[in-house]
Amino acid sequence: MFSSPAFFRTIAETGGSMASKKQSAESEALLPIRHSTAHVMAEAVLSLFPGAQIAIGPAIEDGFYYDFDLPQSIKPEDLEQVEEKMKEIINGKHDFIKSVVSKEEARKIFSDQPYKLELLEDLPEDEEVSIYRQNSFVDLCRGPHVENTRELNSGAFKLLSVAGAYWRGDENRTMLQRIYGTAWKTPKELKAYLSRLKEIEARDHRKLGKELDLFSLHEDAGSGLVYWHPKGSRIRLAIEDFWRWEHLAGGYEVLYTPHVGKSTLWETSGHLSFYNDNMYAPMDIDGQDYYVKPMNCPFHIKIYQSDIRSYRDLPLRWAELGTVYRYERSGVLHGLMRVRGFTQDDAHIFCTPDQIEDEILEVLRFSLRIWKTFGFEDIKAYLATRPPEKSVGDDEDWKTATDSLKRAIELEGLEFEMDEGGGAFYGPKIDLKVNDALGREWQMTTIQFDFNLPERFGMTFVDKDGNEKRPFMVHRALLGSLERFFGVLIEHYGGAFPVWLAPVQVQVIPVAPAFEDYARQVKQAFTAAGLRTDADLSSQRMNAKIRLAQQQKVPYMAIVGEKEAETGQVSFRMRSGAKKNGIPLDEAVSEIKNAAESRSSVDPGAESGAPAAEK
RNA sequence: GCCAGAAUAGCUCAGCGGCAGAGCAGCUCACUCGUAAUGAGCAGGUCGUCGGUUCAAUUCCGACUUCUGGCUCCA
C-alpha cells in the first residue's frame, strides 16, 4: 500500500479523479440485459475473430464491456461488423442456460481459455461453479442473465469504443482489448442515452474553454499546465473574491506560502519517502536540494511552529490558495480535470481534541454553503474509517475523530455512505461528492484528519494544565483545485455562467454606428457600477453582434439605438431569449447589480418562461 | 507508462504518391442597419518533428513528441 501514492491519496485526488455516475435503481434492473448483451458480444467476437480468448465481461454503469485477447487488434471500424453479428445472434432467440458444474468439469470446458482457467484457480476448490450458455457461447459466469436473447432488443444496444485494458487491472500483465457498449430495454432509451452523451460532449469544458476563450493548454510548453485567459481569469477572480470573503467571515485566516522548500522539510513530512513518485525532481540551490511543493501542509505547520501556541489560540483555521505541482503520468492528463500544476483551495485546522466536534461541524456547514452558492444542491458524503492494515495514531483519537465526522454529517442531515476501512493511514475523512446539472457525480471536497504530521513535526500547544499536548490537525480542500473546479463549473453550467460569475455580465450593442457614443456612455455606467461590461463597437451589423453575444453566453445584452439614446434608456435582451425594452439606465444598472450580488443561479429572464435559445 | 486512434490555416474540418483546399475567424472596402450571421475583395501553411522507401512523400513505412478514448467495476 505504501508503494503507491496511497499516502495522502485523497488529498492527491483532489487534483482530479474522474467522475463516475450515480448508480440508480433503474440501472440495476438493466443489469441482466447488459450482462447478457456482453455475452452476446463475446460470442460475436469469437465467431468473427477465430482464436480470440475471452477475459471478463461485466455490466457497468450505463452499459457493459468485455475484455479480449485477440490475434489481431480490433479497430473501431470493426465494431459495426460485430454489431451486425450480435443482432443476428439476438434474433436467433437463444436461451441462456445456466448449469452448475464442478471446478474439474469447468477446467475441461475452458481448456482453451487461459484467462477463464486463471479465474477458476482463484475460486475455492470444493465449490461448484456456474456457467452460462447461449447458442455457441459458454462463459464462466455468476449471472444473472435474461432467459432468452429475445429479451434483448437488437435496436437498443450500441458498441461505443475499443480501448486497452490490463488483465485484472495490473499494468504488469497482458494488455487486453476492451470493447465498451451500452444496452437498454428499448431503442427509445438507447436514443435518450446517446443524446445524453451528445449533451456531455457539447458541454465538454475543453470545447467550451476554447469557444468562450477561457483557458488553454500548451503541449509545446508543458503538458498539464493551465493558462488562464482574460475571460477565464475574470471568472477565477470572482470565485476567489467570494472564496476569500467567505473564509474571512467564517473565521479563517488567509496564508501565502512559498512554492519550494528544502528536502529536509519533505523528509520530516514524509512526502519524500511516500509521495516521491508524484514529486518533481529537486533543483539544486547552493548545493541544497529544493523541491517544488506537491502540498501546502508542511508550510502551514512551519507557520504554526513560528510561535508557542496556547490552548487559548486554538482553533486556528488557516486557508491558502496554494499552487502545487504533482507529476501525473502522461496518459491520465485530461483538460482541466487532471493536470500537473494546480491551485488547491487548501485549509488546515489546528485545534484541541475537545474542540474537534464543533470544528468539523463548522467546516462541513461552511463547505455546503459554498457548494450551494455555486449552484450545486445535490451533495452526498462518504465517511471513511480506519484502514485495517497499518495506520498511525491511537485508537481513542481515531474514535473521537470518526465520531465527530459522523455526528457532523448526521446533524447536517446529509445523505451519506460509510466507507469502512477506506480512510488514509493517517486519519479518517469525509469526502463530499456533488452532482452536476447532468447528474454526474464529482468527488470534490475532502475533510481529513491527520494524526501523522503533528507527530512528525512534533507540533504542540500548551494546555490549561501547563503541559504540552499534541493538537488535532484537519486538512480540508473544499473546491479541490481551482482548475478542476473550473472544469466542473463550466460543464455544470454548459458555459452559461450565472451573472455573478459571467466573464462579461452585460454586452452593450448599438443598433448602428450612429449610436456608438451612447453605447460608450452606457458601458461606462455599467463599468462604474462594478459590472463586467463590454461594448461591441465592431463594424458588424447588430444581428451579428447579438448572435456573437448569444454564442458567448453573455447573460445580458443592452441594446441601444435612437429611442434609448434620446430617453437615456437601454433595452435588454437576455441570454434566455427574454426581452425587456425601454429600461431607464439606472434601473438597468441596479437590475444587473442585484442579479450579480444575489449570486443567484437562476438565469435572468428565465422566470418569464422563455427557454434559452441554443443554435 | 501501456493499448488503440489521431495530428493539414487562429478555429472546425475535407483531401491525397505528382501545383495545398473549404467554412468560420482576421484584414481592407462598401452598406448606416432594431433583437441569432450584409456583401465583395485580400491575406493566411515547411500538412507535429526526425529518418526511410520512391523520379517524386502532406499522402506509404519507422521512430519520436503531443492529443483523444481507456487501463476501478471482477467469474
# chains A, B, ... in the order shown; residues from 1 in each chain; ligands from 1
$ interface_residues --of "chain A" --to "chain B" --cutoff "6 Å" --atoms "only C-alpha atoms (C1' of nucleotides)" --output "VMD selection string"
chain A and resid 140 to 141 163 to 166 512 544 547
$ write_last_selection --atoms "C-alpha atoms" --output "compact mmCIF listing (two decimals), in the first residue's frame"
# COMPACT_ATOMS: atom_id res chain seq x y z
CA LEU A 140 -17.87 -18.94 -16.64
CA CYS A 141 -20.29 -16.60 -15.00
CA ALA A 163 -9.73 0.55 -25.52
CA GLY A 164 -6.80 -1.18 -23.96
CA ALA A 165 -7.18 -2.62 -20.50
CA TYR A 166 -4.75 -4.62 -18.43
CA ALA A 512 -25.98 51.18 -35.73
CA ALA A 544 -24.28 39.59 -35.93
CA ARG A 547 -25.51 36.32 -32.33
$ residues_around --residues "range 90-96 of chain A" --least-positions-apart "2" --cutoff "8 Å" --atoms "only C-alpha atoms (C1' of nucleotides)" --output "list in words"
Val40, Met86, Lys87, Glu88, Lys98, Tyr132, Arg133, Gln134, Asn135, His145, Val146, Glu147, Asn148, Thr149, Arg150, Leu152, Asn153 and Ser154 of chain A
$ select_by_dssp --residues "range 47-186 of chain A" --states "alpha helix (DSSP H)" --output "JSON, numbers by chain"
{"A": [47, 48, 78, 79, 80, 81, 82, 83, 84, 85, 86, 87, 88, 89, 90, 91, 103, 104, 105, 106, 107, 108, 109, 114, 115, 116, 117, 118, 119, 120, 121]}
$ atom_distance --atom1 "CA of Arg317 in chain A" --atom2 "CA of Ile360 in chain A"
11.5 Å
$ residues_around --residues "Gln569 in chain A" --least-positions-apart "6" --cutoff "8 Å" --atoms "only C-alpha atoms (C1' of nucleotides)" --output "PyMOL selection string"
chain A and resi 560+563+582-585
$ write_last_selection --atoms "all heavy atoms" --output "compact mmCIF listing (two decimals), in the first residue's frame"
# COMPACT_ATOMS: atom_id res chain seq x y z
N VAL A 560 -28.85 49.40 -27.69
CA VAL A 560 -29.13 50.84 -27.67
C VAL A 560 -29.21 51.39 -29.08
O VAL A 560 -28.39 51.10 -29.94
CB VAL A 560 -28.05 51.61 -26.86
CG1 VAL A 560 -28.10 51.21 -25.39
CG2 VAL A 560 -26.65 51.39 -27.41
N LYS A 563 -34.08 55.41 -29.91
CA LYS A 563 -35.05 55.57 -28.82
C LYS A 563 -34.35 55.65 -27.47
O LYS A 563 -34.62 56.52 -26.65
CB LYS A 563 -36.01 54.37 -28.79
CG LYS A 563 -37.19 54.51 -29.73
CD LYS A 563 -38.06 53.26 -29.69
CE LYS A 563 -37.60 52.27 -30.77
NZ LYS A 563 -38.24 50.97 -30.71
N GLY A 582 -36.87 49.49 -23.16
CA GLY A 582 -37.08 50.80 -22.57
C GLY A 582 -36.90 50.86 -21.07
O GLY A 582 -37.77 51.27 -20.33
N ILE A 583 -35.72 50.41 -20.60
CA ILE A 583 -35.45 50.48 -19.16
C ILE A 583 -34.53 51.66 -18.90
O ILE A 583 -33.48 51.78 -19.55
CB ILE A 583 -34.72 49.20 -18.69
CG1 ILE A 583 -35.45 47.96 -19.19
CG2 ILE A 583 -34.57 49.19 -17.18
CD1 ILE A 583 -34.61 46.73 -19.12
N PRO A 584 -34.91 52.56 -17.97
CA PRO A 584 -34.01 53.66 -17.63
C PRO A 584 -32.64 53.10 -17.21
O PRO A 584 -32.58 52.07 -16.53
CB PRO A 584 -34.71 54.34 -16.46
CG PRO A 584 -36.14 53.96 -16.60
CD PRO A 584 -36.15 52.60 -17.23
N LEU A 585 -31.58 53.78 -17.61
CA LEU A 585 -30.23 53.28 -17.40
C LEU A 585 -29.95 52.90 -15.95
O LEU A 585 -29.39 51.84 -15.67
CB LEU A 585 -29.21 54.31 -17.91
CG LEU A 585 -27.76 53.87 -17.92
CD1 LEU A 585 -27.57 52.55 -18.65
CD2 LEU A 585 -26.90 54.95 -18.58
$ atom_distance --atom1 "CA of Ser310 in chain A" --atom2 "CA of Gln355 in chain A"
13.6 Å
$ closest_atom_pairs --of "range 472-561 of chain A" --to "range 420-441 of chain A" --cutoff "10 Å" --atoms "only C-alpha atoms" --output "JSON lines"
{"residue": "A:Met473", "atom": "CA", "partner": "A:Gly427", "partner_atom": "CA", "distance": 9.7}
{"residue": "A:Val474", "atom": "CA", "partner": "A:Gly427", "partner_atom": "CA", "distance": 9.0}
{"residue": "A:His475", "atom": "CA", "partner": "A:Lys429", "partner_atom": "CA", "distance": 9.2}
{"residue": "A:Arg476", "atom": "CA", "partner": "A:Lys429", "partner_atom": "CA", "distance": 9.5}
{"residue": "A:Ala477", "atom": "CA", "partner": "A:Asp431", "partner_atom": "CA", "distance": 9.7}
{"residue": "A:Leu478", "atom": "CA", "partner": "A:Leu432", "partner_atom": "CA", "distance": 8.8}
{"residue": "A:Leu479", "atom": "CA", "partner": "A:Leu432", "partner_atom": "CA", "distance": 10.0}
{"residue": "A:Val488", "atom": "CA", "partner": "A:Asp436", "partner_atom": "CA", "distance": 7.8}
{"residue": "A:Leu489", "atom": "CA", "partner": "A:Asp436", "partner_atom": "CA", "distance": 8.4}
{"residue": "A:Glu491", "atom": "CA", "partner": "A:Asp436", "partner_atom": "CA", "distance": 8.0}
{"residue": "A:His492", "atom": "CA", "partner": "A:Ala437", "partner_atom": "CA", "distance": 5.2}
{"residue": "A:Tyr493", "atom": "CA", "partner": "A:Ala437", "partner_atom": "CA", "distance": 7.2}
{"residue": "A:Gly494", "atom": "CA", "partner": "A:Ala437", "partner_atom": "CA", "distance": 8.8}
$ write_last_selection --atoms "all heavy atoms" --output "compact mmCIF listing (two decimals), in the first residue's frame"
# COMPACT_ATOMS: atom_id res chain seq x y z
N MET A 473 -5.15 17.97 13.88
CA MET A 473 -4.97 18.68 12.61
C MET A 473 -5.95 18.12 11.59
O MET A 473 -6.11 16.90 11.46
CB MET A 473 -3.54 18.48 12.10
CG MET A 473 -3.28 19.08 10.73
SD MET A 473 -1.53 18.89 10.27
CE MET A 473 -1.58 19.68 8.65
N VAL A 474 -6.62 19.02 10.89
CA VAL A 474 -7.56 18.61 9.84
C VAL A 474 -7.17 19.29 8.54
O VAL A 474 -6.96 20.51 8.51
CB VAL A 474 -9.01 19.00 10.21
CG1 VAL A 474 -9.98 18.67 9.08
CG2 VAL A 474 -9.44 18.30 11.49
N HIS A 475 -7.04 18.49 7.48
CA HIS A 475 -6.84 19.05 6.14
C HIS A 475 -8.21 19.23 5.53
O HIS A 475 -9.07 18.38 5.68
CB HIS A 475 -6.12 18.08 5.20
CG HIS A 475 -4.80 17.60 5.64
ND1 HIS A 475 -3.63 18.18 5.22
CD2 HIS A 475 -4.44 16.58 6.44
CE1 HIS A 475 -2.61 17.51 5.74
NE2 HIS A 475 -3.07 16.54 6.49
N ARG A 476 -8.35 20.30 4.80
CA ARG A 476 -9.61 20.48 4.09
C ARG A 476 -9.34 21.10 2.72
O ARG A 476 -8.68 22.14 2.63
CB ARG A 476 -10.54 21.40 4.88
CG ARG A 476 -11.88 21.57 4.22
CD ARG A 476 -12.27 23.04 4.10
NE ARG A 476 -11.38 23.78 3.19
CZ ARG A 476 -11.50 25.06 2.94
NH1 ARG A 476 -12.40 25.77 3.52
NH2 ARG A 476 -10.67 25.67 2.09
N ALA A 477 -9.78 20.44 1.68
CA ALA A 477 -9.78 21.05 0.35
C ALA A 477 -11.24 21.11 -0.04
O ALA A 477 -11.92 20.11 -0.07
CB ALA A 477 -8.99 20.21 -0.64
N LEU A 478 -11.73 22.31 -0.28
CA LEU A 478 -13.17 22.48 -0.47
C LEU A 478 -13.57 22.30 -1.93
O LEU A 478 -14.27 21.37 -2.29
CB LEU A 478 -13.58 23.87 0.03
CG LEU A 478 -15.00 24.07 0.54
CD1 LEU A 478 -15.16 25.45 1.12
CD2 LEU A 478 -16.06 23.81 -0.51
N LEU A 479 -13.07 23.20 -2.76
CA LEU A 479 -13.35 23.07 -4.19
C LEU A 479 -12.40 22.05 -4.81
O LEU A 479 -12.61 21.63 -5.93
CB LEU A 479 -13.20 24.43 -4.87
CG LEU A 479 -14.04 25.56 -4.25
CD1 LEU A 479 -13.67 26.89 -4.89
CD2 LEU A 479 -15.52 25.28 -4.41
N VAL A 488 -15.37 21.60 -13.81
CA VAL A 488 -16.69 21.09 -13.40
C VAL A 488 -17.74 22.19 -13.54
O VAL A 488 -18.85 21.95 -14.01
CB VAL A 488 -16.63 20.56 -11.95
CG1 VAL A 488 -18.03 20.21 -11.43
CG2 VAL A 488 -15.73 19.33 -11.87
N LEU A 489 -17.36 23.39 -13.14
CA LEU A 489 -18.28 24.53 -13.20
C LEU A 489 -18.70 24.82 -14.65
O LEU A 489 -19.87 25.06 -14.94
CB LEU A 489 -17.59 25.76 -12.60
CG LEU A 489 -18.45 26.92 -12.16
CD1 LEU A 489 -19.31 26.53 -10.98
CD2 LEU A 489 -17.57 28.11 -11.77
N GLU A 491 -18.81 22.72 -17.10
CA GLU A 491 -19.70 21.67 -17.60
C GLU A 491 -21.07 21.73 -16.91
O GLU A 491 -22.10 21.46 -17.52
CB GLU A 491 -19.04 20.30 -17.43
CG GLU A 491 -17.71 20.25 -18.17
CD GLU A 491 -17.22 18.85 -18.52
OE1 GLU A 491 -17.86 17.87 -18.11
OE2 GLU A 491 -16.19 18.77 -19.21
N HIS A 492 -21.07 22.09 -15.64
CA HIS A 492 -22.31 22.20 -14.88
C HIS A 492 -23.23 23.24 -15.53
O HIS A 492 -24.42 23.00 -15.72
CB HIS A 492 -22.00 22.59 -13.44
CG HIS A 492 -23.20 22.78 -12.57
ND1 HIS A 492 -24.11 21.76 -12.32
CD2 HIS A 492 -23.65 23.85 -11.87
CE1 HIS A 492 -25.06 22.22 -11.51
NE2 HIS A 492 -24.80 23.48 -11.23
N TYR A 493 -22.68 24.39 -15.86
CA TYR A 493 -23.48 25.45 -16.45
C TYR A 493 -23.45 25.42 -17.98
O TYR A 493 -24.07 26.27 -18.62
CB TYR A 493 -22.99 26.82 -15.96
CG TYR A 493 -23.38 27.11 -14.52
CD1 TYR A 493 -22.42 27.23 -13.53
CD2 TYR A 493 -24.72 27.25 -14.17
CE1 TYR A 493 -22.77 27.49 -12.21
CE2 TYR A 493 -25.09 27.51 -12.86
CZ TYR A 493 -24.11 27.63 -11.89
OH TYR A 493 -24.48 27.88 -10.60
N GLY A 494 -22.74 24.49 -18.54
CA GLY A 494 -22.63 24.45 -20.00
C GLY A 494 -22.10 25.76 -20.57
O GLY A 494 -22.41 26.15 -21.68
$ closest_residue --among "A:Glu362, A:Leu248, A:Ile490, A:Gln540" --to "Gly375 in chain A" --atoms "only C-alpha atoms"
A:Ile490
$ select_by_dssp --residues "range 141-223 of chain A" --states "strand (DSSP E)" --output "MDAnalysis selection string"
chainID A and resid 157:166 175:183 215:217
$ write_last_selection --atoms "N, CA and C atoms" --output "tab-separated table (two decimals), in the first residue's frame"
chain	number	residue	atom	x	y	z
A	157	PHE	N	-29.06	-1.59	-28.38
A	157	PHE	CA	-27.69	-1.60	-27.88
A	157	PHE	C	-26.76	-0.96	-28.91
A	158	LYS	N	-25.62	-0.56	-28.46
A	158	LYS	CA	-24.63	0.01	-29.38
A	158	LYS	C	-23.23	-0.17	-28.80
A	159	LEU	N	-22.31	-0.55	-29.68
A	159	LEU	CA	-20.92	-0.64	-29.26
A	159	LEU	C	-20.31	0.75	-29.39
A	160	LEU	N	-19.60	1.16	-28.37
A	160	LEU	CA	-19.18	2.56	-28.32
A	160	LEU	C	-17.71	2.78	-28.62
A	161	SER	N	-16.85	1.94	-28.06
A	161	SER	CA	-15.43	2.22	-28.26
A	161	SER	C	-14.58	0.99	-27.97
A	162	VAL	N	-13.39	1.01	-28.48
A	162	VAL	CA	-12.41	0.00	-28.12
A	162	VAL	C	-11.31	0.67	-27.33
A	163	ALA	N	-10.76	-0.04	-26.37
A	163	ALA	CA	-9.73	0.55	-25.52
A	163	ALA	C	-8.85	-0.57	-25.01
A	164	GLY	N	-7.68	-0.20	-24.58
A	164	GLY	CA	-6.80	-1.18	-23.96
A	164	GLY	C	-7.13	-1.29	-22.49
A	165	ALA	N	-6.96	-2.46	-21.94
A	165	ALA	CA	-7.18	-2.62	-20.50
A	165	ALA	C	-6.29	-3.78	-20.04
A	166	TYR	N	-5.61	-3.57	-18.92
A	166	TYR	CA	-4.75	-4.62	-18.43
A	166	TYR	C	-5.56	-5.77	-17.86
A	175	MET	N	-1.89	-6.67	-21.89
A	175	MET	CA	-2.85	-5.65	-22.27
A	175	MET	C	-3.91	-6.30	-23.16
A	176	LEU	N	-5.14	-6.25	-22.69
A	176	LEU	CA	-6.24	-6.84	-23.44
A	176	LEU	C	-6.94	-5.75	-24.24
A	177	GLN	N	-7.82	-6.18	-25.12
A	177	GLN	CA	-8.61	-5.21	-25.86
A	177	GLN	C	-10.03	-5.23	-25.32
A	178	ARG	N	-10.45	-4.06	-24.90
A	178	ARG	CA	-11.77	-3.95	-24.30
A	178	ARG	C	-12.73	-3.28	-25.27
A	179	ILE	N	-13.89	-3.85	-25.40
A	179	ILE	CA	-14.94	-3.20	-26.20
A	179	ILE	C	-16.03	-2.74	-25.24
A	180	TYR	N	-16.30	-1.45	-25.31
A	180	TYR	CA	-17.37	-0.88	-24.48
A	180	TYR	C	-18.65	-0.79	-25.29
A	181	GLY	N	-19.75	-1.07	-24.62
A	181	GLY	CA	-21.04	-0.93	-25.29
A	181	GLY	C	-22.08	-0.47	-24.30
A	182	THR	N	-23.23	-0.13	-24.83
A	182	THR	CA	-24.34	0.25	-23.97
A	182	THR	C	-25.56	-0.52	-24.42
A	183	ALA	N	-26.43	-0.83	-23.46
A	183	ALA	CA	-27.63	-1.59	-23.82
A	183	ALA	C	-28.79	-1.15	-22.94
A	215	PHE	N	-9.48	29.40	-21.32
A	215	PHE	CA	-8.16	28.90	-20.92
A	215	PHE	C	-7.55	28.12	-22.06
A	216	SER	N	-6.28	27.81	-21.93
A	216	SER	CA	-5.64	26.94	-22.91
A	216	SER	C	-4.57	26.12	-22.23
A	217	LEU	N	-4.17	25.07	-22.93
A	217	LEU	CA	-3.05	24.24	-22.50
A	217	LEU	C	-2.08	24.23	-23.67
$ decode --residues "range 572-595 of chain A" --atoms "N, CA, C and O atoms" --output "PDB file, in the first residue's frame"
ATOM      1  N   PHE A 572     -33.058  45.452 -22.897  1.00  0.00           N
ATOM      2  CA  PHE A 572     -32.371  44.202 -22.578  1.00  0.00           C
ATOM      3  C   PHE A 572     -32.802  43.081 -23.510  1.00  0.00           C
ATOM      4  O   PHE A 572     -33.990  42.905 -23.793  1.00  0.00           O
ATOM      5  N   ARG A 573     -31.835  42.333 -23.937  1.00  0.00           N
ATOM      6  CA  ARG A 573     -32.122  41.004 -24.469  1.00  0.00           C
ATOM      7  C   ARG A 573     -31.345  40.062 -23.567  1.00  0.00           C
ATOM      8  O   ARG A 573     -30.133  40.211 -23.397  1.00  0.00           O
ATOM      9  N   MET A 574     -32.035  39.130 -22.973  1.00  0.00           N
ATOM     10  CA  MET A 574     -31.378  38.208 -22.062  1.00  0.00           C
ATOM     11  C   MET A 574     -30.891  36.980 -22.830  1.00  0.00           C
ATOM     12  O   MET A 574     -31.435  36.627 -23.872  1.00  0.00           O
ATOM     13  N   ARG A 575     -29.885  36.351 -22.260  1.00  0.00           N
ATOM     14  CA  ARG A 575     -29.351  35.109 -22.821  1.00  0.00           C
ATOM     15  C   ARG A 575     -30.458  34.063 -22.979  1.00  0.00           C
ATOM     16  O   ARG A 575     -30.457  33.246 -23.885  1.00  0.00           O
ATOM     17  N   SER A 576     -31.417  34.128 -22.069  1.00  0.00           N
ATOM     18  CA  SER A 576     -32.535  33.181 -22.093  1.00  0.00           C
ATOM     19  C   SER A 576     -33.443  33.405 -23.293  1.00  0.00           C
ATOM     20  O   SER A 576     -34.292  32.576 -23.585  1.00  0.00           O
ATOM     21  N   GLY A 577     -33.276  34.544 -23.973  1.00  0.00           N
ATOM     22  CA  GLY A 577     -34.150  34.867 -25.090  1.00  0.00           C
ATOM     23  C   GLY A 577     -35.202  35.906 -24.717  1.00  0.00           C
ATOM     24  O   GLY A 577     -35.848  36.486 -25.576  1.00  0.00           O
ATOM     25  N   ALA A 578     -35.344  36.128 -23.395  1.00  0.00           N
ATOM     26  CA  ALA A 578     -36.333  37.102 -22.933  1.00  0.00           C
ATOM     27  C   ALA A 578     -35.914  38.524 -23.340  1.00  0.00           C
ATOM     28  O   ALA A 578     -34.733  38.814 -23.455  1.00  0.00           O
ATOM     29  N   LYS A 579     -36.916  39.381 -23.569  1.00  0.00           N
ATOM     30  CA  LYS A 579     -36.634  40.776 -23.943  1.00  0.00           C
ATOM     31  C   LYS A 579     -37.344  41.729 -22.992  1.00  0.00           C
ATOM     32  O   LYS A 579     -38.393  41.405 -22.466  1.00  0.00           O
ATOM     33  N   LYS A 580     -36.706  42.879 -22.811  1.00  0.00           N
ATOM     34  CA  LYS A 580     -37.273  43.864 -21.901  1.00  0.00           C
ATOM     35  C   LYS A 580     -36.828  45.208 -22.443  1.00  0.00           C
ATOM     36  O   LYS A 580     -35.643  45.539 -22.402  1.00  0.00           O
ATOM     37  N   ASN A 581     -37.769  45.957 -23.010  1.00  0.00           N
ATOM     38  CA  ASN A 581     -37.376  47.190 -23.688  1.00  0.00           C
ATOM     39  C   ASN A 581     -37.621  48.432 -22.841  1.00  0.00           C
ATOM     40  O   ASN A 581     -38.461  48.439 -21.950  1.00  0.00           O
ATOM     41  N   GLY A 582     -36.868  49.492 -23.159  1.00  0.00           N
ATOM     42  CA  GLY A 582     -37.083  50.802 -22.567  1.00  0.00           C
ATOM     43  C   GLY A 582     -36.898  50.856 -21.068  1.00  0.00           C
ATOM     44  O   GLY A 582     -37.770  51.272 -20.330  1.00  0.00           O
ATOM     45  N   ILE A 583     -35.723  50.408 -20.599  1.00  0.00           N
ATOM     46  CA  ILE A 583     -35.447  50.478 -19.164  1.00  0.00           C
ATOM     47  C   ILE A 583     -34.527  51.663 -18.904  1.00  0.00           C
ATOM     48  O   ILE A 583     -33.480  51.783 -19.548  1.00  0.00           O
ATOM     49  N   PRO A 584     -34.905  52.555 -17.970  1.00  0.00           N
ATOM     50  CA  PRO A 584     -34.010  53.659 -17.626  1.00  0.00           C
ATOM     51  C   PRO A 584     -32.643  53.098 -17.209  1.00  0.00           C
ATOM     52  O   PRO A 584     -32.577  52.066 -16.535  1.00  0.00           O
ATOM     53  N   LEU A 585     -31.581  53.780 -17.606  1.00  0.00           N
ATOM     54  CA  LEU A 585     -30.234  53.276 -17.403  1.00  0.00           C
ATOM     55  C   LEU A 585     -29.947  52.905 -15.953  1.00  0.00           C
ATOM     56  O   LEU A 585     -29.387  51.843 -15.673  1.00  0.00           O
ATOM     57  N   ASP A 586     -30.372  53.759 -15.008  1.00  0.00           N
ATOM     58  CA  ASP A 586     -30.056  53.453 -13.607  1.00  0.00           C
ATOM     59  C   ASP A 586     -30.791  52.208 -13.126  1.00  0.00           C
ATOM     60  O   ASP A 586     -30.267  51.418 -12.344  1.00  0.00           O
ATOM     61  N   GLU A 587     -31.986  51.972 -13.664  1.00  0.00           N
ATOM     62  CA  GLU A 587     -32.699  50.738 -13.317  1.00  0.00           C
ATOM     63  C   GLU A 587     -31.999  49.521 -13.900  1.00  0.00           C
ATOM     64  O   GLU A 587     -31.917  48.473 -13.261  1.00  0.00           O
ATOM     65  N   ALA A 588     -31.507  49.703 -15.122  1.00  0.00           N
ATOM     66  CA  ALA A 588     -30.792  48.612 -15.785  1.00  0.00           C
ATOM     67  C   ALA A 588     -29.560  48.233 -14.974  1.00  0.00           C
ATOM     68  O   ALA A 588     -29.277  47.050 -14.746  1.00  0.00           O
ATOM     69  N   VAL A 589     -28.831  49.253 -14.528  1.00  0.00           N
ATOM     70  CA  VAL A 589     -27.634  49.017 -13.722  1.00  0.00           C
ATOM     71  C   VAL A 589     -28.002  48.253 -12.467  1.00  0.00           C
ATOM     72  O   VAL A 589     -27.387  47.236 -12.134  1.00  0.00           O
ATOM     73  N   SER A 590     -29.040  48.707 -11.769  1.00  0.00           N
ATOM     74  CA  SER A 590     -29.326  48.050 -10.495  1.00  0.00           C
ATOM     75  C   SER A 590     -29.913  46.662 -10.698  1.00  0.00           C
ATOM     76  O   SER A 590     -29.696  45.770  -9.884  1.00  0.00           O
ATOM     77  N   GLU A 591     -30.605  46.446 -11.821  1.00  0.00           N
ATOM     78  CA  GLU A 591     -31.115  45.099 -12.058  1.00  0.00           C
ATOM     79  C   GLU A 591     -29.963  44.093 -12.187  1.00  0.00           C
ATOM     80  O   GLU A 591     -29.964  43.022 -11.574  1.00  0.00           O
ATOM     81  N   ILE A 592     -28.956  44.450 -12.980  1.00  0.00           N
ATOM     82  CA  ILE A 592     -27.838  43.520 -13.177  1.00  0.00           C
ATOM     83  C   ILE A 592     -27.023  43.398 -11.891  1.00  0.00           C
ATOM     84  O   ILE A 592     -26.590  42.317 -11.505  1.00  0.00           O
ATOM     85  N   LYS A 593     -26.868  44.538 -11.227  1.00  0.00           N
ATOM     86  CA  LYS A 593     -26.115  44.525  -9.970  1.00  0.00           C
ATOM     87  C   LYS A 593     -26.793  43.616  -8.942  1.00  0.00           C
ATOM     88  O   LYS A 593     -26.123  42.841  -8.265  1.00  0.00           O
ATOM     89  N   ASN A 594     -28.094  43.700  -8.878  1.00  0.00           N
ATOM     90  CA  ASN A 594     -28.819  42.829  -7.940  1.00  0.00           C
ATOM     91  C   ASN A 594     -28.650  41.360  -8.296  1.00  0.00           C
ATOM     92  O   ASN A 594     -28.451  40.513  -7.423  1.00  0.00           O
ATOM     93  N   ALA A 595     -28.744  41.091  -9.591  1.00  0.00           N
ATOM     94  CA  ALA A 595     -28.586  39.703 -10.029  1.00  0.00           C
ATOM     95  C   ALA A 595     -27.199  39.191  -9.661  1.00  0.00           C
ATOM     96  O   ALA A 595     -27.031  38.048  -9.223  1.00  0.00           O
TER      97      ALA A 595
END
